[in-house]
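Structure first, commentary second.
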Amino acid sequence: MSEAELVVDGVSKYFGGFCALDAVSFEIRRGEALGLVGPNGSGKTTLLNVICGLYPPTKGQIFFRGFRIDGHKPHLIARAGINRTFQLAKPFKSLTVRENIDLALSHRKGDGASLDEILNLTNLTGMVGLEAGNLNAGQQKRLDLARAISLEPSVLFIDELGAGLNPVELNELAEILRKMQYGGRAIVVVEHLMGFLEKVVDHVLVLNAGREIFRGELRNALNDQDVKRVFLGDSIGH
Ligand SMILES: Nc1ncnc2c1ncn2[C@@H]1O[C@H](COP(=O)(O)OP(=O)(O)O)[C@@H](O)[C@H]1O
Ligand SMILES: [Mg+2]
């Protein structure tokens, strides 16, 4: 079995006295897709923020390709090969699709996909001259993805990209995410929408109050008593 691209080992994060992440561990290998699931406030975005260097973990270690990365600056972690989309997208609204992607490409160090290839992968070819602020919700989310993959990340985190999209847009997004795995890219998908997750990932890590309550195959998660209890009344299964 190949070495893990990313190893998260016993990561905890406290905000003051509040424990947002409690000894979370997981690994991800090339070409794998992992779902990160949990109710609102369970620590999903915090986990992404810690991995991507927005703040250091209070405890634990993070390794990318065997090198320790926790505590490093976000732009260095992004350049090393870990990138993410944000729960609230931040494209430059007055710039066109092309300008937004070109800007992201200007931060890339090495070789990688061309503007045309990125547009093609994210189904944005016909929108290249539109201002980002004029795109519909689905197109904006695809632009987010386009910007995130411009740095050629080998591990890509996607934070609730599906929220607010209709079923057609969700299918389109799922297909794009699957294509992004073909070249060996690992993806971690934070998502509430189970129907969407089923199309993209086979394994999940389920958090509740900052703690792992389940790790394994998605189909087994849906039958797990702890997972069911936590999601009773939540959006799982919809
Ligand atoms: N920068 C921060 N400062 C203080 N508390 C935070 C900060 N970021 C997140 N939290 C708290 O940590 C908990 C987990 O938040 P978050 O990771 O955003 O959850 P999720 O993404 O699973 O909805 C929440 O209670 C949230 O209020
Ligand atoms: Mg979140």
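As shown in the structure tokens, the chain order sets the letters A, B, ...; within each chain, residues go from 1, and ligands are also counted from 1 in the order they appear.
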Exercise answer, 6 Å around ligand 1 with only C-alpha atoms and all ligand atoms, as a VMD selection string: chain A and resid 15 20 40 to 46
Go ahead and write the selection's residues with C-alpha atoms as a PDB file, in the first residue's frame.
ATOM      1  CA  PHE A  15     -10.389  28.228  21.488  1.00  0.00           C
ATOM      2  CA  ALA A  20     -13.420  22.443  19.138  1.00  0.00           C
ATOM      3  CA  ASN A  40     -23.172  22.094  12.674  1.00  0.00           C
ATOM      4  CA  GLY A  41     -20.474  23.099  15.125  1.00  0.00           C
ATOM      5  CA  SER A  42     -18.884  19.639  15.246  1.00  0.00           C
ATOM      6  CA  GLY A  43     -15.482  20.977  14.174  1.00  0.00           C
ATOM      7  CA  LYS A  44     -15.340  20.166  10.443  1.00  0.00           C
ATOM      8  CA  THR A  45     -14.263  23.619   9.275  1.00  0.00           C
ATOM      9  CA  THR A  46     -11.906  23.939  12.250  1.00  0.00           C
TER      10      THR A  46
END
Taking only C-alpha atoms and all ligand atoms into account, report as a PyMOL selection string which residues have an atom no farther than 12 Å from an atom of ligand 2. chain A and resi 20+36-49+85-88+157-161+163+189-192+207+210
Next, write the just-selected residues to a file, as a compact mmCIF listing (two decimals), in the first residue's frame, keeping C-alpha atoms as the atom set.
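Everything below was put into out_4.txt:
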# COMPACT_ATOMS: atom_id res chain seq x y z
CA ALA A 20 -13.42 22.44 19.14
CA LEU A 36 -16.11 14.59 6.59
CA VAL A 37 -19.50 14.61 8.24
CA GLY A 38 -21.03 15.97 11.43
CA PRO A 39 -23.69 18.34 12.75
CA ASN A 40 -23.17 22.09 12.67
CA GLY A 41 -20.47 23.10 15.12
CA SER A 42 -18.88 19.64 15.25
CA GLY A 43 -15.48 20.98 14.17
CA LYS A 44 -15.34 20.17 10.44
CA THR A 45 -14.26 23.62 9.28
CA THR A 46 -11.91 23.94 12.25
CA LEU A 47 -10.21 20.71 11.17
CA LEU A 48 -9.72 22.14 7.66
CA ASN A 49 -8.48 25.43 9.09
CA THR A 85 -12.45 25.75 -0.93
CA PHE A 86 -14.21 27.91 1.65
CA GLN A 87 -17.70 27.39 3.06
CA LEU A 88 -18.41 30.96 1.99
CA PHE A 157 -10.52 19.95 0.91
CA ILE A 158 -14.01 20.98 -0.10
CA ASP A 159 -16.08 22.73 2.58
CA GLU A 160 -19.85 22.38 2.04
CA LEU A 161 -19.79 23.22 -1.64
CA ALA A 163 -25.25 23.82 0.01
CA VAL A 189 -15.47 16.50 1.17
CA VAL A 190 -17.30 18.23 4.02
CA GLU A 191 -20.97 17.77 3.27
CA HIS A 192 -24.37 17.30 4.87
CA LEU A 207 -17.39 14.12 14.04
CA GLY A 210 -15.02 17.80 17.97
Tell me, as a PyMOL selection string, which residues lie within 9 Å of Ala137 in chain A, counting only C-alpha atoms; anything in the same chain fewer than 6 positions away does not count. chain A and resi 164-165+169
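Neighbouring residues of Pro167 in chain A at 12 Å or closer, counting only C-alpha atoms and skipping chain neighbours under 2 positions away, are A:Gly138, A:Gly162, A:Ala163, A:Gly164, A:Leu165, A:Glu169, A:Leu170, A:Asn171, A:Glu172, A:Leu173, A:Ala174, A:Leu193, A:Gly195, A:Phe196, A:His238.
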Please identify all polymer residues within 6 Å of range 22-32 of chain A, counting only C-alpha atoms, omitting same-chain residues fewer than 4 positions from it, and present them as a ChimeraX atom specification. /A:4-12,181,184-186,210-211
From the DSSP assignment of the backbone, select every residue of range 16-227 of chain A that is strand (DSSP E), and format the answer as a PDB file with N, CA and C atoms, in the first residue's frame.
ATOM      1  N   PHE A  18     -12.540  26.304  25.265  1.00  0.00           N
ATOM      2  CA  PHE A  18     -13.492  25.496  24.502  1.00  0.00           C
ATOM      3  C   PHE A  18     -12.764  24.533  23.570  1.00  0.00           C
ATOM      4  N   CYS A  19     -13.113  23.254  23.671  1.00  0.00           N
ATOM      5  CA  CYS A  19     -12.453  22.247  22.838  1.00  0.00           C
ATOM      6  C   CYS A  19     -13.239  22.041  21.546  1.00  0.00           C
ATOM      7  N   ALA A  20     -12.730  22.565  20.430  1.00  0.00           N
ATOM      8  CA  ALA A  20     -13.420  22.443  19.138  1.00  0.00           C
ATOM      9  C   ALA A  20     -13.028  21.158  18.415  1.00  0.00           C
ATOM     10  N   LEU A  21     -11.818  20.658  18.688  1.00  0.00           N
ATOM     11  CA  LEU A  21     -11.359  19.378  18.117  1.00  0.00           C
ATOM     12  C   LEU A  21     -10.667  18.603  19.217  1.00  0.00           C
ATOM     13  N   ASP A  22     -11.019  17.314  19.325  1.00  0.00           N
ATOM     14  CA  ASP A  22     -10.497  16.516  20.429  1.00  0.00           C
ATOM     15  C   ASP A  22      -9.799  15.275  19.875  1.00  0.00           C
ATOM     16  N   ALA A  23      -8.490  15.344  19.742  1.00  0.00           N
ATOM     17  CA  ALA A  23      -7.660  14.194  19.335  1.00  0.00           C
ATOM     18  C   ALA A  23      -8.181  13.506  18.075  1.00  0.00           C
ATOM     19  N   VAL A  24      -8.318  14.278  17.009  1.00  0.00           N
ATOM     20  CA  VAL A  24      -8.796  13.723  15.738  1.00  0.00           C
ATOM     21  C   VAL A  24      -7.615  13.184  14.931  1.00  0.00           C
ATOM     22  N   SER A  25      -7.780  11.966  14.402  1.00  0.00           N
ATOM     23  CA  SER A  25      -6.744  11.347  13.569  1.00  0.00           C
ATOM     24  C   SER A  25      -7.369  10.777  12.310  1.00  0.00           C
ATOM     25  N   PHE A  26      -6.702  10.939  11.191  1.00  0.00           N
ATOM     26  CA  PHE A  26      -7.063  10.204   9.976  1.00  0.00           C
ATOM     27  C   PHE A  26      -5.908  10.296   8.999  1.00  0.00           C
ATOM     28  N   GLU A  27      -5.962   9.433   7.977  1.00  0.00           N
ATOM     29  CA  GLU A  27      -4.956   9.466   6.913  1.00  0.00           C
ATOM     30  C   GLU A  27      -5.681   9.467   5.591  1.00  0.00           C
ATOM     31  N   ILE A  28      -5.044  10.025   4.573  1.00  0.00           N
ATOM     32  CA  ILE A  28      -5.622   9.913   3.241  1.00  0.00           C
ATOM     33  C   ILE A  28      -4.519   9.664   2.226  1.00  0.00           C
ATOM     34  N   ALA A  33     -11.087   9.420  -1.683  1.00  0.00           N
ATOM     35  CA  ALA A  33     -12.054  10.475  -1.384  1.00  0.00           C
ATOM     36  C   ALA A  33     -12.686  10.156  -0.040  1.00  0.00           C
ATOM     37  N   LEU A  34     -12.546  11.083   0.887  1.00  0.00           N
ATOM     38  CA  LEU A  34     -13.066  10.893   2.242  1.00  0.00           C
ATOM     39  C   LEU A  34     -14.149  11.925   2.506  1.00  0.00           C
ATOM     40  N   GLY A  35     -15.266  11.492   3.063  1.00  0.00           N
ATOM     41  CA  GLY A  35     -16.308  12.429   3.483  1.00  0.00           C
ATOM     42  C   GLY A  35     -16.064  12.824   4.929  1.00  0.00           C
ATOM     43  N   LEU A  36     -16.229  14.116   5.211  1.00  0.00           N
ATOM     44  CA  LEU A  36     -16.110  14.592   6.592  1.00  0.00           C
ATOM     45  C   LEU A  36     -17.492  15.108   6.978  1.00  0.00           C
ATOM     46  N   VAL A  37     -18.097  14.407   7.942  1.00  0.00           N
ATOM     47  CA  VAL A  37     -19.503  14.609   8.239  1.00  0.00           C
ATOM     48  C   VAL A  37     -19.679  14.943   9.708  1.00  0.00           C
ATOM     49  N   LYS A  59      -2.780  20.575  20.143  1.00  0.00           N
ATOM     50  CA  LYS A  59      -2.036  19.327  20.348  1.00  0.00           C
ATOM     51  C   LYS A  59      -2.050  18.533  19.056  1.00  0.00           C
ATOM     52  N   GLY A  60      -1.111  17.630  18.903  1.00  0.00           N
ATOM     53  CA  GLY A  60      -1.106  16.728  17.761  1.00  0.00           C
ATOM     54  C   GLY A  60      -0.175  17.173  16.656  1.00  0.00           C
ATOM     55  N   GLN A  61      -0.068  16.341  15.642  1.00  0.00           N
ATOM     56  CA  GLN A  61       0.865  16.590  14.545  1.00  0.00           C
ATOM     57  C   GLN A  61       0.182  16.315  13.214  1.00  0.00           C
ATOM     58  N   ILE A  62       0.648  17.029  12.171  1.00  0.00           N
ATOM     59  CA  ILE A  62       0.120  16.824  10.823  1.00  0.00           C
ATOM     60  C   ILE A  62       1.314  16.633   9.882  1.00  0.00           C
ATOM     61  N   PHE A  63       1.264  15.565   9.085  1.00  0.00           N
ATOM     62  CA  PHE A  63       2.356  15.269   8.145  1.00  0.00           C
ATOM     63  C   PHE A  63       1.815  15.241   6.728  1.00  0.00           C
ATOM     64  N   PHE A  64       2.538  15.893   5.815  1.00  0.00           N
ATOM     65  CA  PHE A  64       2.221  15.812   4.394  1.00  0.00           C
ATOM     66  C   PHE A  64       3.426  15.179   3.708  1.00  0.00           C
ATOM     67  N   PHE A  67       6.507  14.935   5.796  1.00  0.00           N
ATOM     68  CA  PHE A  67       7.051  16.144   6.423  1.00  0.00           C
ATOM     69  C   PHE A  67       6.018  16.779   7.341  1.00  0.00           C
ATOM     70  N   ARG A  68       6.489  17.239   8.473  1.00  0.00           N
ATOM     71  CA  ARG A  68       5.582  17.857   9.422  1.00  0.00           C
ATOM     72  C   ARG A  68       5.182  19.247   8.944  1.00  0.00           C
ATOM     73  N   ILE A  82      -1.558  21.243  -0.519  1.00  0.00           N
ATOM     74  CA  ILE A  82      -2.848  21.067   0.156  1.00  0.00           C
ATOM     75  C   ILE A  82      -3.652  22.344  -0.061  1.00  0.00           C
ATOM     76  N   ASN A  83      -4.812  22.221  -0.652  1.00  0.00           N
ATOM     77  CA  ASN A  83      -5.619  23.424  -0.855  1.00  0.00           C
ATOM     78  C   ASN A  83      -7.066  23.131  -0.498  1.00  0.00           C
ATOM     79  N   ARG A  84      -7.881  24.174  -0.460  1.00  0.00           N
ATOM     80  CA  ARG A  84      -9.261  24.014   0.009  1.00  0.00           C
ATOM     81  C   ARG A  84     -10.163  25.043  -0.654  1.00  0.00           C
ATOM     82  N   VAL A 155      -3.853  17.155  -2.319  1.00  0.00           N
ATOM     83  CA  VAL A 155      -4.963  16.931  -1.387  1.00  0.00           C
ATOM     84  C   VAL A 155      -5.857  18.172  -1.434  1.00  0.00           C
ATOM     85  N   LEU A 156      -7.121  17.957  -1.735  1.00  0.00           N
ATOM     86  CA  LEU A 156      -8.055  19.078  -1.861  1.00  0.00           C
ATOM     87  C   LEU A 156      -9.200  18.916  -0.859  1.00  0.00           C
ATOM     88  N   PHE A 157      -9.418  19.943  -0.057  1.00  0.00           N
ATOM     89  CA  PHE A 157     -10.515  19.945   0.906  1.00  0.00           C
ATOM     90  C   PHE A 157     -11.661  20.796   0.366  1.00  0.00           C
ATOM     91  N   ILE A 158     -12.866  20.287   0.459  1.00  0.00           N
ATOM     92  CA  ILE A 158     -14.013  20.985  -0.096  1.00  0.00           C
ATOM     93  C   ILE A 158     -15.040  21.183   1.015  1.00  0.00           C
ATOM     94  N   ASP A 159     -15.240  22.444   1.403  1.00  0.00           N
ATOM     95  CA  ASP A 159     -16.082  22.726   2.575  1.00  0.00           C
ATOM     96  C   ASP A 159     -17.504  23.112   2.170  1.00  0.00           C
ATOM     97  N   ALA A 186      -6.174  13.350  -3.921  1.00  0.00           N
ATOM     98  CA  ALA A 186      -7.007  12.947  -2.792  1.00  0.00           C
ATOM     99  C   ALA A 186      -7.972  14.083  -2.479  1.00  0.00           C
ATOM    100  N   ILE A 187      -9.229  13.753  -2.177  1.00  0.00           N
ATOM    101  CA  ILE A 187     -10.157  14.815  -1.808  1.00  0.00           C
ATOM    102  C   ILE A 187     -10.875  14.490  -0.505  1.00  0.00           C
ATOM    103  N   VAL A 188     -11.108  15.543   0.252  1.00  0.00           N
ATOM    104  CA  VAL A 188     -11.855  15.428   1.505  1.00  0.00           C
ATOM    105  C   VAL A 188     -13.061  16.342   1.365  1.00  0.00           C
ATOM    106  N   VAL A 189     -14.250  15.756   1.467  1.00  0.00           N
ATOM    107  CA  VAL A 189     -15.470  16.495   1.173  1.00  0.00           C
ATOM    108  C   VAL A 189     -16.288  16.676   2.450  1.00  0.00           C
ATOM    109  N   VAL A 190     -16.418  17.926   2.890  1.00  0.00           N
ATOM    110  CA  VAL A 190     -17.296  18.230   4.019  1.00  0.00           C
ATOM    111  C   VAL A 190     -18.688  18.454   3.448  1.00  0.00           C
ATOM    112  N   HIS A 203     -15.651   6.374   1.948  1.00  0.00           N
ATOM    113  CA  HIS A 203     -15.338   6.358   3.375  1.00  0.00           C
ATOM    114  C   HIS A 203     -15.698   7.695   4.012  1.00  0.00           C
ATOM    115  N   VAL A 204     -16.070   7.646   5.271  1.00  0.00           N
ATOM    116  CA  VAL A 204     -16.373   8.881   5.987  1.00  0.00           C
ATOM    117  C   VAL A 204     -15.735   8.889   7.370  1.00  0.00           C
ATOM    118  N   LEU A 205     -15.480  10.107   7.821  1.00  0.00           N
ATOM    119  CA  LEU A 205     -15.106  10.356   9.210  1.00  0.00           C
ATOM    120  C   LEU A 205     -16.243  11.207   9.767  1.00  0.00           C
ATOM    121  N   VAL A 206     -16.872  10.726  10.831  1.00  0.00           N
ATOM    122  CA  VAL A 206     -17.999  11.460  11.404  1.00  0.00           C
ATOM    123  C   VAL A 206     -17.558  12.086  12.720  1.00  0.00           C
ATOM    124  N   LEU A 207     -17.742  13.395  12.817  1.00  0.00           N
ATOM    125  CA  LEU A 207     -17.391  14.116  14.044  1.00  0.00           C
ATOM    126  C   LEU A 207     -18.654  14.510  14.794  1.00  0.00           C
ATOM    127  N   ASN A 208     -18.543  14.540  16.111  1.00  0.00           N
ATOM    128  CA  ASN A 208     -19.593  15.144  16.933  1.00  0.00           C
ATOM    129  C   ASN A 208     -18.898  15.852  18.088  1.00  0.00           C
ATOM    130  N   ARG A 211     -15.165  15.401  18.247  1.00  0.00           N
ATOM    131  CA  ARG A 211     -14.617  14.073  18.467  1.00  0.00           C
ATOM    132  C   ARG A 211     -15.065  13.091  17.389  1.00  0.00           C
ATOM    133  N   GLU A 212     -14.180  12.168  17.013  1.00  0.00           N
ATOM    134  CA  GLU A 212     -14.574  11.122  16.056  1.00  0.00           C
ATOM    135  C   GLU A 212     -15.608  10.204  16.699  1.00  0.00           C
ATOM    136  N   ILE A 213     -16.743  10.004  16.016  1.00  0.00           N
ATOM    137  CA  ILE A 213     -17.683   8.986  16.509  1.00  0.00           C
ATOM    138  C   ILE A 213     -17.779   7.819  15.545  1.00  0.00           C
ATOM    139  N   PHE A 214     -17.266   7.994  14.329  1.00  0.00           N
ATOM    140  CA  PHE A 214     -17.273   6.886  13.370  1.00  0.00           C
ATOM    141  C   PHE A 214     -16.228   7.146  12.303  1.00  0.00           C
ATOM    142  N   ARG A 215     -15.536   6.082  11.897  1.00  0.00           N
ATOM    143  CA  ARG A 215     -14.664   6.171  10.734  1.00  0.00           C
ATOM    144  C   ARG A 215     -14.784   4.865   9.983  1.00  0.00           C
ATOM    145  N   GLY A 216     -15.096   4.921   8.709  1.00  0.00           N
ATOM    146  CA  GLY A 216     -15.237   3.688   7.936  1.00  0.00           C
ATOM    147  C   GLY A 216     -16.069   3.918   6.695  1.00  0.00           C
ATOM    148  N   GLU A 217     -16.642   2.821   6.184  1.00  0.00           N
ATOM    149  CA  GLU A 217     -17.404   2.943   4.949  1.00  0.00           C
ATOM    150  C   GLU A 217     -18.707   3.706   5.184  1.00  0.00           C
TER     151      GLU A 217
END
Closest atom pairs, range 2-104 of chain A residues within 8 Å of range 149-153 of chain A, only C-alpha atoms, as JSON lines:
{"residue": "A:Ala78", "atom": "CA", "partner": "A:Pro153", "partner_atom": "CA", "distance": 7.3}
{"residue": "A:Arg79", "atom": "CA", "partner": "A:Leu151", "partner_atom": "CA", "distance": 6.9}
{"residue": "A:Ala80", "atom": "CA", "partner": "A:Pro153", "partner_atom": "CA", "distance": 7.8}
{"residue": "A:Gly81", "atom": "CA", "partner": "A:Pro153", "partner_atom": "CA", "distance": 4.2}
{"residue": "A:Ile82", "atom": "CA", "partner": "A:Pro153", "partner_atom": "CA", "distance": 5.1}
{"residue": "A:Asn83", "atom": "CA", "partner": "A:Pro153", "partner_atom": "CA", "distance": 5.7}
{"residue": "A:Ile101", "atom": "CA", "partner": "A:Ser150", "partner_atom": "CA", "distance": 7.1}
{"residue": "A:Ala104", "atom": "CA", "partner": "A:Ser150", "partner_atom": "CA", "distance": 6.0}
Distance query Gly129 in chain A at most 12 Å, only C-alpha atoms, self and fewer than 4 positions along chain excluded, as a PDB file with C-alpha atoms, in the first residue's frame:
ATOM      1  CA  SER A  94     -15.829  42.227 -10.369  1.00  0.00           C
ATOM      2  CA  LEU A  95     -13.220  40.091 -12.155  1.00  0.00           C
ATOM      3  CA  THR A  96     -14.161  37.704 -14.935  1.00  0.00           C
ATOM      4  CA  VAL A  97     -13.987  33.937 -14.644  1.00  0.00           C
ATOM      5  CA  ARG A  98     -10.764  33.992 -16.684  1.00  0.00           C
ATOM      6  CA  GLU A  99      -9.210  36.722 -14.515  1.00  0.00           C
ATOM      7  CA  ASN A 100     -10.127  34.904 -11.316  1.00  0.00           C
ATOM      8  CA  ILE A 101      -8.490  31.678 -12.493  1.00  0.00           C
ATOM      9  CA  LEU A 119     -12.189  25.619 -17.545  1.00  0.00           C
ATOM     10  CA  LEU A 124     -16.854  26.903 -17.207  1.00  0.00           C
ATOM     11  CA  THR A 125     -15.562  27.222 -20.771  1.00  0.00           C
ATOM     12  CA  GLY A 133     -20.527  38.336  -9.497  1.00  0.00           C
ATOM     13  CA  ASN A 134     -22.920  37.547 -12.362  1.00  0.00           C
ATOM     14  CA  LEU A 135     -22.573  33.764 -12.150  1.00  0.00           C
TER      15      LEU A 135
END
For CA of Val200 in chain A and CA of Ala132 in chain A, the interatomic separation in Å (one decimal): 26.1 Å
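Take the candidates A:Thr122, A:Ala148, A:Met194, A:Met127 and check each one against Arg108 in chain A using only C-alpha atoms; the shortest distance goes to A:Ala148.
Between CA of Gln139 in chain A and CA of Ile118 in chain A there is a distance of 13.5 Å.
Atom pair CA of Leu177 in chain A / CA of Glu131 in chain A has a distance of 23.7 Å (rounded to one decimal).
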In range 2-216 of chain A, DSSP alpha helix (DSSP H) residues written as a ChimeraX atom specification: /A:44-51,74-80,97-105,115-121,137-149,167-182,194-200
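Closest approach to Asn120 in chain A from the set A:Val168, A:Lys179, A:Lys141, A:Ser106 is made by A:Lys179, with distances taken over only C-alpha atoms.
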Could you check which of A:Arg142, A:Ala209, A:Leu130, A:Ser154 is closest to Ile77 in chain A, using only C-alpha atoms? A:Ser154
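Shortest separation to Ala89 in chain A among A:Val201, A:Asn166, A:Tyr182, A:Ala146 occurs at residue A:Ala146, atoms counted being only C-alpha atoms.
In terms of minimum interatomic distance to Tyr55 in chain A, A:Lys13 ranks closest within A:Phe231, A:Gly183, A:Lys13, A:Pro91, counting only C-alpha atoms.
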